[in-house]
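Written out below as structure tokens is the structure these notes cover.
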Amino acid sequence: MAFLAGVSIGLFVTLDLIVFYVFFDLSLVGMYFLIGRWGHGDAQQAALKFFVYTLAGSLLILIGIIVLALNMPALTFDMRALIESPPLAAAGLVPGLVFLAFVIGFGIKTPLFPVHTWLPPAHVDAPGPASAILAGVLLKMGTYGLIRIPMQMMPETFARWALPLAVLAVISILWGSIVAFAQENLKRRIAYTSVNHMGYTVLGIAVAGSALGSEMARELALTGAVVEMIAHGLITGALFLVAGAVWQRAGDYHLPNFGGLAGPAPRLTGLATLAAFASLGLPGLAGFVAELHIFLGAFGIYPWLAAIGLLGILITAALFLMMLRQMFFGALPKEREHFADLTRTETALLVLLLALVVLIGLWPTWLLTLIDAGAVIPAIGTGG
């Protein structure tokens, strides 16, 4: 866990593309062992699928990085130089292929439909804390990479392909929510909502990188995408810790096997309900702040796509409300009569995460001011 935390911080603070790639790959090693060694079920198969999928994506990213560096007047991997003087023009086969390599590579990590299939088994078979890190930190490497590299270093090419990327994001929003709705495994349901929520993030990034509409709409979308990364990390991290607590007590994720847990486990019920409401975008919580910014920007650029994407919020609300009803209300099964509530340590950890969710939801100004200072839209045709 310490190794994974270290390489994750390194990836987000480095200004060198090769160092970025090294940390990107090293994060796979840490998560591979967390899943394969300390997971349950078919953990080794899930760890292998996770590693192979994301390593294939990282190789595409490496190819894109090399092509960008070779097209600079002087060979450099300095992110600041590449952002200041984007090396590839918008038109042509090479820029299109490089952009595709980045989208596939970072799309696998995010994950986007249809390269998301490694995510559910990785989450289901991972221990709860590893799932929280995977959802809260590692998935953000994909969306951060989309902003940092293709959007800022290839602004004209990104603008050219922004609409197809936005369409892909909306497909991910709908696919993730619909498939999550059909799951009867608690952890698999939460895992598919990550596909849904990261679709919102990519929609915001696609809107921000387009050359259409007003600059204000694009800035709103980019701010919303960054807030969504933070909100999703806190909310889904909390949901996976809830799932981990359930597994420790019951050794089971099958939702029909539960019910009535509000009686023996009131603390678990209250915190899980707050996390679920935050995930479905209830006003006053962090998810609403993020989705409001994303859709305000999206309606200004791609109104028809934004309207379709709103359906994902409706489906997400339904799936979480059904999950809460199945787990915590109704008759308590006989085998769950001695179900233990959260310990003090577990409660403290969840309260800390969800306090930040409430703080961002009720008083977002401090976070929005911080993000707005760095959420700069690339100037198409004049560099980053």
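Following the order of the structure tokens, chains are lettered A, B, ..., residues in each are numbered from 1, and ligands are numbered from 1.
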Within 9 Å of range 183-198 of chain A: each range 221-265 of chain A residue with its shortest pair, only C-alpha atoms, as JSON lines:
{"residue": "A:Ala225", "atom": "CA", "partner": "A:Met198", "partner_atom": "CA", "distance": 8.8}
{"residue": "A:Glu228", "atom": "CA", "partner": "A:His197", "partner_atom": "CA", "distance": 7.8}
{"residue": "A:Met229", "atom": "CA", "partner": "A:Met198", "partner_atom": "CA", "distance": 7.7}
{"residue": "A:His232", "atom": "CA", "partner": "A:His197", "partner_atom": "CA", "distance": 7.1}
{"residue": "A:Thr236", "atom": "CA", "partner": "A:Ile190", "partner_atom": "CA", "distance": 7.5}
{"residue": "A:Leu239", "atom": "CA", "partner": "A:Ile190", "partner_atom": "CA", "distance": 7.3}
{"residue": "A:Phe240", "atom": "CA", "partner": "A:Lys187", "partner_atom": "CA", "distance": 7.1}
{"residue": "A:Ala243", "atom": "CA", "partner": "A:Lys187", "partner_atom": "CA", "distance": 6.3}
{"residue": "A:Gly244", "atom": "CA", "partner": "A:Lys187", "partner_atom": "CA", "distance": 8.7}
{"residue": "A:Asp252", "atom": "CA", "partner": "A:Asn185", "partner_atom": "CA", "distance": 8.7}
{"residue": "A:Tyr253", "atom": "CA", "partner": "A:Leu186", "partner_atom": "CA", "distance": 5.1}
{"residue": "A:His254", "atom": "CA", "partner": "A:Asn185", "partner_atom": "CA", "distance": 4.7}
{"residue": "A:Leu255", "atom": "CA", "partner": "A:Glu184", "partner_atom": "CA", "distance": 5.4}
{"residue": "A:Pro256", "atom": "CA", "partner": "A:Glu184", "partner_atom": "CA", "distance": 7.2}
Write out, as a PDB file, in the first residue's frame, the residues just selected, with N, CA, C and O atoms.
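Heads up, here's the output in again-v3.pdb:
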ATOM      1  N   ALA A 225     -15.230  18.077 -14.400  1.00  0.00           N
ATOM      2  CA  ALA A 225     -14.525  16.800 -14.569  1.00  0.00           C
ATOM      3  C   ALA A 225     -13.534  16.568 -13.441  1.00  0.00           C
ATOM      4  O   ALA A 225     -13.430  15.451 -12.905  1.00  0.00           O
ATOM      5  N   GLU A 228     -15.409  15.849 -10.271  1.00  0.00           N
ATOM      6  CA  GLU A 228     -15.942  14.481 -10.345  1.00  0.00           C
ATOM      7  C   GLU A 228     -14.867  13.456  -9.993  1.00  0.00           C
ATOM      8  O   GLU A 228     -15.151  12.456  -9.320  1.00  0.00           O
ATOM      9  N   MET A 229     -13.631  13.687 -10.422  1.00  0.00           N
ATOM     10  CA  MET A 229     -12.545  12.778 -10.048  1.00  0.00           C
ATOM     11  C   MET A 229     -12.401  12.716  -8.532  1.00  0.00           C
ATOM     12  O   MET A 229     -12.274  11.630  -7.946  1.00  0.00           O
ATOM     13  N   HIS A 232     -15.749  11.217  -6.936  1.00  0.00           N
ATOM     14  CA  HIS A 232     -15.864   9.776  -7.174  1.00  0.00           C
ATOM     15  C   HIS A 232     -14.876   9.009  -6.298  1.00  0.00           C
ATOM     16  O   HIS A 232     -15.210   7.945  -5.751  1.00  0.00           O
ATOM     17  N   THR A 236     -16.943   6.546  -3.976  1.00  0.00           N
ATOM     18  CA  THR A 236     -16.830   5.133  -4.325  1.00  0.00           C
ATOM     19  C   THR A 236     -15.821   4.431  -3.433  1.00  0.00           C
ATOM     20  O   THR A 236     -15.981   3.241  -3.121  1.00  0.00           O
ATOM     21  N   LEU A 239     -17.898   3.511  -0.554  1.00  0.00           N
ATOM     22  CA  LEU A 239     -18.788   2.390  -0.881  1.00  0.00           C
ATOM     23  C   LEU A 239     -18.032   1.062  -0.889  1.00  0.00           C
ATOM     24  O   LEU A 239     -18.550   0.030  -0.435  1.00  0.00           O
ATOM     25  N   PHE A 240     -16.801   1.062  -1.400  1.00  0.00           N
ATOM     26  CA  PHE A 240     -16.028  -0.175  -1.409  1.00  0.00           C
ATOM     27  C   PHE A 240     -15.577  -0.566  -0.001  1.00  0.00           C
ATOM     28  O   PHE A 240     -15.449  -1.761   0.310  1.00  0.00           O
ATOM     29  N   ALA A 243     -18.510  -2.273   1.348  1.00  0.00           N
ATOM     30  CA  ALA A 243     -18.570  -3.635   0.813  1.00  0.00           C
ATOM     31  C   ALA A 243     -17.551  -4.538   1.499  1.00  0.00           C
ATOM     32  O   ALA A 243     -17.844  -5.710   1.791  1.00  0.00           O
ATOM     33  N   GLY A 244     -16.364  -4.005   1.769  1.00  0.00           N
ATOM     34  CA  GLY A 244     -15.354  -4.791   2.472  1.00  0.00           C
ATOM     35  C   GLY A 244     -15.792  -5.176   3.874  1.00  0.00           C
ATOM     36  O   GLY A 244     -15.557  -6.296   4.331  1.00  0.00           O
ATOM     37  N   ASP A 252     -19.997 -12.748   1.841  1.00  0.00           N
ATOM     38  CA  ASP A 252     -20.980 -12.854   0.760  1.00  0.00           C
ATOM     39  C   ASP A 252     -21.282 -11.455   0.233  1.00  0.00           C
ATOM     40  O   ASP A 252     -21.338 -10.480   0.993  1.00  0.00           O
ATOM     41  N   TYR A 253     -21.457 -11.352  -1.101  1.00  0.00           N
ATOM     42  CA  TYR A 253     -21.854 -10.086  -1.723  1.00  0.00           C
ATOM     43  C   TYR A 253     -23.233 -10.174  -2.387  1.00  0.00           C
ATOM     44  O   TYR A 253     -23.689  -9.202  -2.985  1.00  0.00           O
ATOM     45  N   HIS A 254     -23.873 -11.346  -2.324  1.00  0.00           N
ATOM     46  CA  HIS A 254     -25.109 -11.562  -3.080  1.00  0.00           C
ATOM     47  C   HIS A 254     -26.257 -10.804  -2.406  1.00  0.00           C
ATOM     48  O   HIS A 254     -26.696 -11.161  -1.300  1.00  0.00           O
ATOM     49  N   LEU A 255     -26.752  -9.774  -3.062  1.00  0.00           N
ATOM     50  CA  LEU A 255     -27.735  -8.879  -2.449  1.00  0.00           C
ATOM     51  C   LEU A 255     -29.007  -9.583  -1.969  1.00  0.00           C
ATOM     52  O   LEU A 255     -29.515  -9.256  -0.885  1.00  0.00           O
ATOM     53  N   PRO A 256     -29.571 -10.556  -2.730  1.00  0.00           N
ATOM     54  CA  PRO A 256     -30.786 -11.233  -2.230  1.00  0.00           C
ATOM     55  C   PRO A 256     -30.584 -11.990  -0.923  1.00  0.00           C
ATOM     56  O   PRO A 256     -31.565 -12.351  -0.265  1.00  0.00           O
TER      57      PRO A 256
END
Tell me, as a list of chain:residue names, which residues lie within 12 Å of Leu324 in chain A, counting only C-alpha atoms; anything in the same chain fewer than 3 positions away does not count.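 Returned residues: A:Leu186, A:Leu239, A:Leu255, A:Pro256, A:Phe258, A:Gly259, A:Gly260, A:Leu261, A:Ala262, A:Leu268, A:Thr269, A:Gly270, A:Leu271, A:Ala272, A:Thr273, A:Leu274, A:Ala275, A:Ala276, A:Phe277, A:Ala317, A:Ala318, A:Leu319, A:Phe320, A:Leu321, A:Met327, A:Phe328, A:Phe329, A:Gly330.
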Nearest-residue call for Gly10 in chain A, choices A:Met141, A:Leu93, A:Val67, A:Val167, using only C-alpha atoms: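 Using only C-alpha atoms, Gly10 in chain A sits closest to A:Met141.
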Nearest to Val115 in chain A: which of A:Ala238, A:Ala56, A:Met79, A:Ala89 is it, counting only C-alpha atoms?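 Among the listed residues, A:Ala56 lies closest to Val115 in chain A.
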Shell around Gly374 in chain A at 12 Å using only C-alpha atoms, local window under 2 positions removed, as a VMD selection string: chain A and resid 147 to 148 219 222 to 223 226 367 to 372 376 to 378
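Among A:Gly233, A:Pro73, A:Gly287, A:Pro364, the residue with the shortest atom-to-atom distance to Val137 in chain A, counting only C-alpha atoms, is A:Gly233.
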What lies within 9 Å of Ile178 in chain A using only C-alpha atoms, ignoring chain neighbours under 3 positions off, as an mmCIF file with N, CA, C and O atoms, in the first residue's frame?
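This is the output file selection_16.cif:
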data_model
loop_
_atom_site.group_PDB
_atom_site.id
_atom_site.type_symbol
_atom_site.label_atom_id
_atom_site.label_comp_id
_atom_site.auth_asym_id
_atom_site.auth_seq_id
_atom_site.Cartn_x
_atom_site.Cartn_y
_atom_site.Cartn_z
ATOM 1 N N ILE A 173 -21.562 6.190 -19.800
ATOM 2 C CA ILE A 173 -22.501 6.607 -18.755
ATOM 3 C C ILE A 173 -23.710 5.677 -18.729
ATOM 4 O O ILE A 173 -24.102 5.159 -17.673
ATOM 5 N N LEU A 174 -24.302 5.455 -19.896
ATOM 6 C CA LEU A 174 -25.510 4.636 -19.965
ATOM 7 C C LEU A 174 -25.202 3.161 -19.740
ATOM 8 O O LEU A 174 -25.916 2.469 -19.012
ATOM 9 N N TRP A 175 -24.148 2.669 -20.369
ATOM 10 C CA TRP A 175 -23.782 1.255 -20.232
ATOM 11 C C TRP A 175 -23.461 0.922 -18.776
ATOM 12 O O TRP A 175 -23.956 -0.080 -18.228
ATOM 13 N N PHE A 181 -27.317 -1.762 -12.781
ATOM 14 C CA PHE A 181 -28.694 -2.003 -12.334
ATOM 15 C C PHE A 181 -29.029 -3.489 -12.343
ATOM 16 O O PHE A 181 -29.805 -3.971 -11.515
ATOM 17 N N ALA A 182 -28.414 -4.244 -13.275
ATOM 18 C CA ALA A 182 -28.738 -5.665 -13.424
ATOM 19 C C ALA A 182 -27.949 -6.570 -12.474
ATOM 20 O O ALA A 182 -28.244 -7.763 -12.386
ATOM 21 N N TYR A 192 -19.488 -1.317 -11.561
ATOM 22 C CA TYR A 192 -20.039 -0.803 -12.813
ATOM 23 C C TYR A 192 -20.473 0.655 -12.693
ATOM 24 O O TYR A 192 -20.494 1.382 -13.686
ATOM 25 N N ASN A 196 -19.848 4.235 -15.097
ATOM 26 C CA ASN A 196 -20.827 5.304 -15.270
ATOM 27 C C ASN A 196 -20.258 6.665 -14.861
ATOM 28 O O ASN A 196 -20.304 7.640 -15.622
ATOM 29 N N GLY A 312 -28.488 8.643 -17.356
ATOM 30 C CA GLY A 312 -27.624 7.859 -16.490
ATOM 31 C C GLY A 312 -27.835 8.179 -15.022
ATOM 32 O O GLY A 312 -27.754 7.288 -14.161
ATOM 33 N N ILE A 315 -31.022 6.319 -13.833
ATOM 34 C CA ILE A 315 -30.797 4.882 -13.640
ATOM 35 C C ILE A 315 -29.934 4.638 -12.409
ATOM 36 O O ILE A 315 -30.175 3.694 -11.632
ATOM 37 N N THR A 316 -28.915 5.505 -12.204
ATOM 38 C CA THR A 316 -28.051 5.362 -11.031
ATOM 39 C C THR A 316 -28.848 5.517 -9.741
ATOM 40 O O THR A 316 -28.642 4.780 -8.768
ATOM 41 N N LEU A 319 -30.762 2.257 -9.128
ATOM 42 C CA LEU A 319 -29.963 1.091 -8.723
ATOM 43 C C LEU A 319 -29.472 1.224 -7.276
ATOM 44 O O LEU A 319 -29.384 0.227 -6.552
#
Smallest atom-to-atom distance to Gly309 in chain A: which of A:Asn257, A:Ser177, A:Thr14, A:Gln44, using only C-alpha atoms? A:Ser177
With only C-alpha atoms as the atoms that count, which of A:Ile66, A:Leu17, A:Val22, A:Ala122 lies nearest to Gly41 in chain A?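 Closest to Gly41 in chain A, using only C-alpha atoms: A:Ala122.
Using only C-alpha atoms, the contacts of Arg80 in chain A at a cut-off of 12 Å, with sequence neighbours closer than 6 positions omitted, comprise Thr14, Leu15, Asp16, Leu17, Pro86, Arg148, Ile149, Gln152, Met153, Gly383 and Gly384 of chain A.
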For those residues, write N, CA, C and O atoms to a file as a PDB file, in the first residue's frame.
ATOM      1  N   THR A  14       4.851  14.607 -11.340  1.00  0.00           N
ATOM      2  CA  THR A  14       5.983  14.695 -12.256  1.00  0.00           C
ATOM      3  C   THR A  14       5.685  15.604 -13.444  1.00  0.00           C
ATOM      4  O   THR A  14       4.538  15.748 -13.871  1.00  0.00           O
ATOM      5  N   LEU A  15       6.739  16.224 -13.971  1.00  0.00           N
ATOM      6  CA  LEU A  15       6.633  17.053 -15.175  1.00  0.00           C
ATOM      7  C   LEU A  15       7.434  16.460 -16.328  1.00  0.00           C
ATOM      8  O   LEU A  15       7.705  17.145 -17.315  1.00  0.00           O
ATOM      9  N   ASP A  16       7.779  15.195 -16.214  1.00  0.00           N
ATOM     10  CA  ASP A  16       8.536  14.491 -17.257  1.00  0.00           C
ATOM     11  C   ASP A  16       7.704  13.308 -17.754  1.00  0.00           C
ATOM     12  O   ASP A  16       7.234  12.499 -16.954  1.00  0.00           O
ATOM     13  N   LEU A  17       7.529  13.199 -19.060  1.00  0.00           N
ATOM     14  CA  LEU A  17       6.653  12.163 -19.610  1.00  0.00           C
ATOM     15  C   LEU A  17       7.187  10.751 -19.377  1.00  0.00           C
ATOM     16  O   LEU A  17       6.398   9.821 -19.169  1.00  0.00           O
ATOM     17  N   PRO A  86       2.843  22.659 -28.858  1.00  0.00           N
ATOM     18  CA  PRO A  86       2.341  21.338 -29.273  1.00  0.00           C
ATOM     19  C   PRO A  86       2.997  20.893 -30.582  1.00  0.00           C
ATOM     20  O   PRO A  86       3.023  21.652 -31.561  1.00  0.00           O
ATOM     21  N   ARG A 148      -3.832  15.960 -19.205  1.00  0.00           N
ATOM     22  CA  ARG A 148      -2.443  16.410 -19.207  1.00  0.00           C
ATOM     23  C   ARG A 148      -1.761  16.228 -20.560  1.00  0.00           C
ATOM     24  O   ARG A 148      -0.986  17.098 -20.993  1.00  0.00           O
ATOM     25  N   ILE A 149      -2.053  15.114 -21.259  1.00  0.00           N
ATOM     26  CA  ILE A 149      -1.278  14.832 -22.477  1.00  0.00           C
ATOM     27  C   ILE A 149      -2.061  15.171 -23.754  1.00  0.00           C
ATOM     28  O   ILE A 149      -1.755  16.186 -24.382  1.00  0.00           O
ATOM     29  N   GLN A 152      -3.787  18.859 -23.671  1.00  0.00           N
ATOM     30  CA  GLN A 152      -2.897  20.011 -23.566  1.00  0.00           C
ATOM     31  C   GLN A 152      -1.754  19.974 -24.574  1.00  0.00           C
ATOM     32  O   GLN A 152      -1.274  21.029 -24.985  1.00  0.00           O
ATOM     33  N   MET A 153      -1.321  18.786 -24.978  1.00  0.00           N
ATOM     34  CA  MET A 153      -0.178  18.679 -25.887  1.00  0.00           C
ATOM     35  C   MET A 153      -0.593  18.486 -27.343  1.00  0.00           C
ATOM     36  O   MET A 153       0.244  18.610 -28.237  1.00  0.00           O
ATOM     37  N   GLY A 383      -1.136  27.204 -29.100  1.00  0.00           N
ATOM     38  CA  GLY A 383      -0.405  26.517 -28.032  1.00  0.00           C
ATOM     39  C   GLY A 383      -1.284  26.322 -26.827  1.00  0.00           C
ATOM     40  O   GLY A 383      -2.443  26.634 -26.827  1.00  0.00           O
ATOM     41  N   GLY A 384      -0.714  25.801 -25.714  1.00  0.00           N
ATOM     42  CA  GLY A 384      -1.484  25.483 -24.527  1.00  0.00           C
ATOM     43  C   GLY A 384      -1.593  26.672 -23.589  1.00  0.00           C
ATOM     44  O   GLY A 384      -0.866  27.623 -23.688  1.00  0.00           O
TER      45      GLY A 384
END
Name the closest residue to Ile61 in chain A among the candidates A:Ala286, A:Leu100, A:Ala169, A:Ala265; distances are taken between atoms, counting only C-alpha atoms.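 Of A:Ala286, A:Leu100, A:Ala169, A:Ala265, the one nearest Ile61 in chain A is A:Leu100, counting only C-alpha atoms.
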Set the distance at 8 Å and use only C-alpha atoms: which residues neighbour Leu59 in chain A once local chain neighbours fewer than 4 positions away are removed? I'd like the list as a VMD selection string. chain A and resid 55 63 105
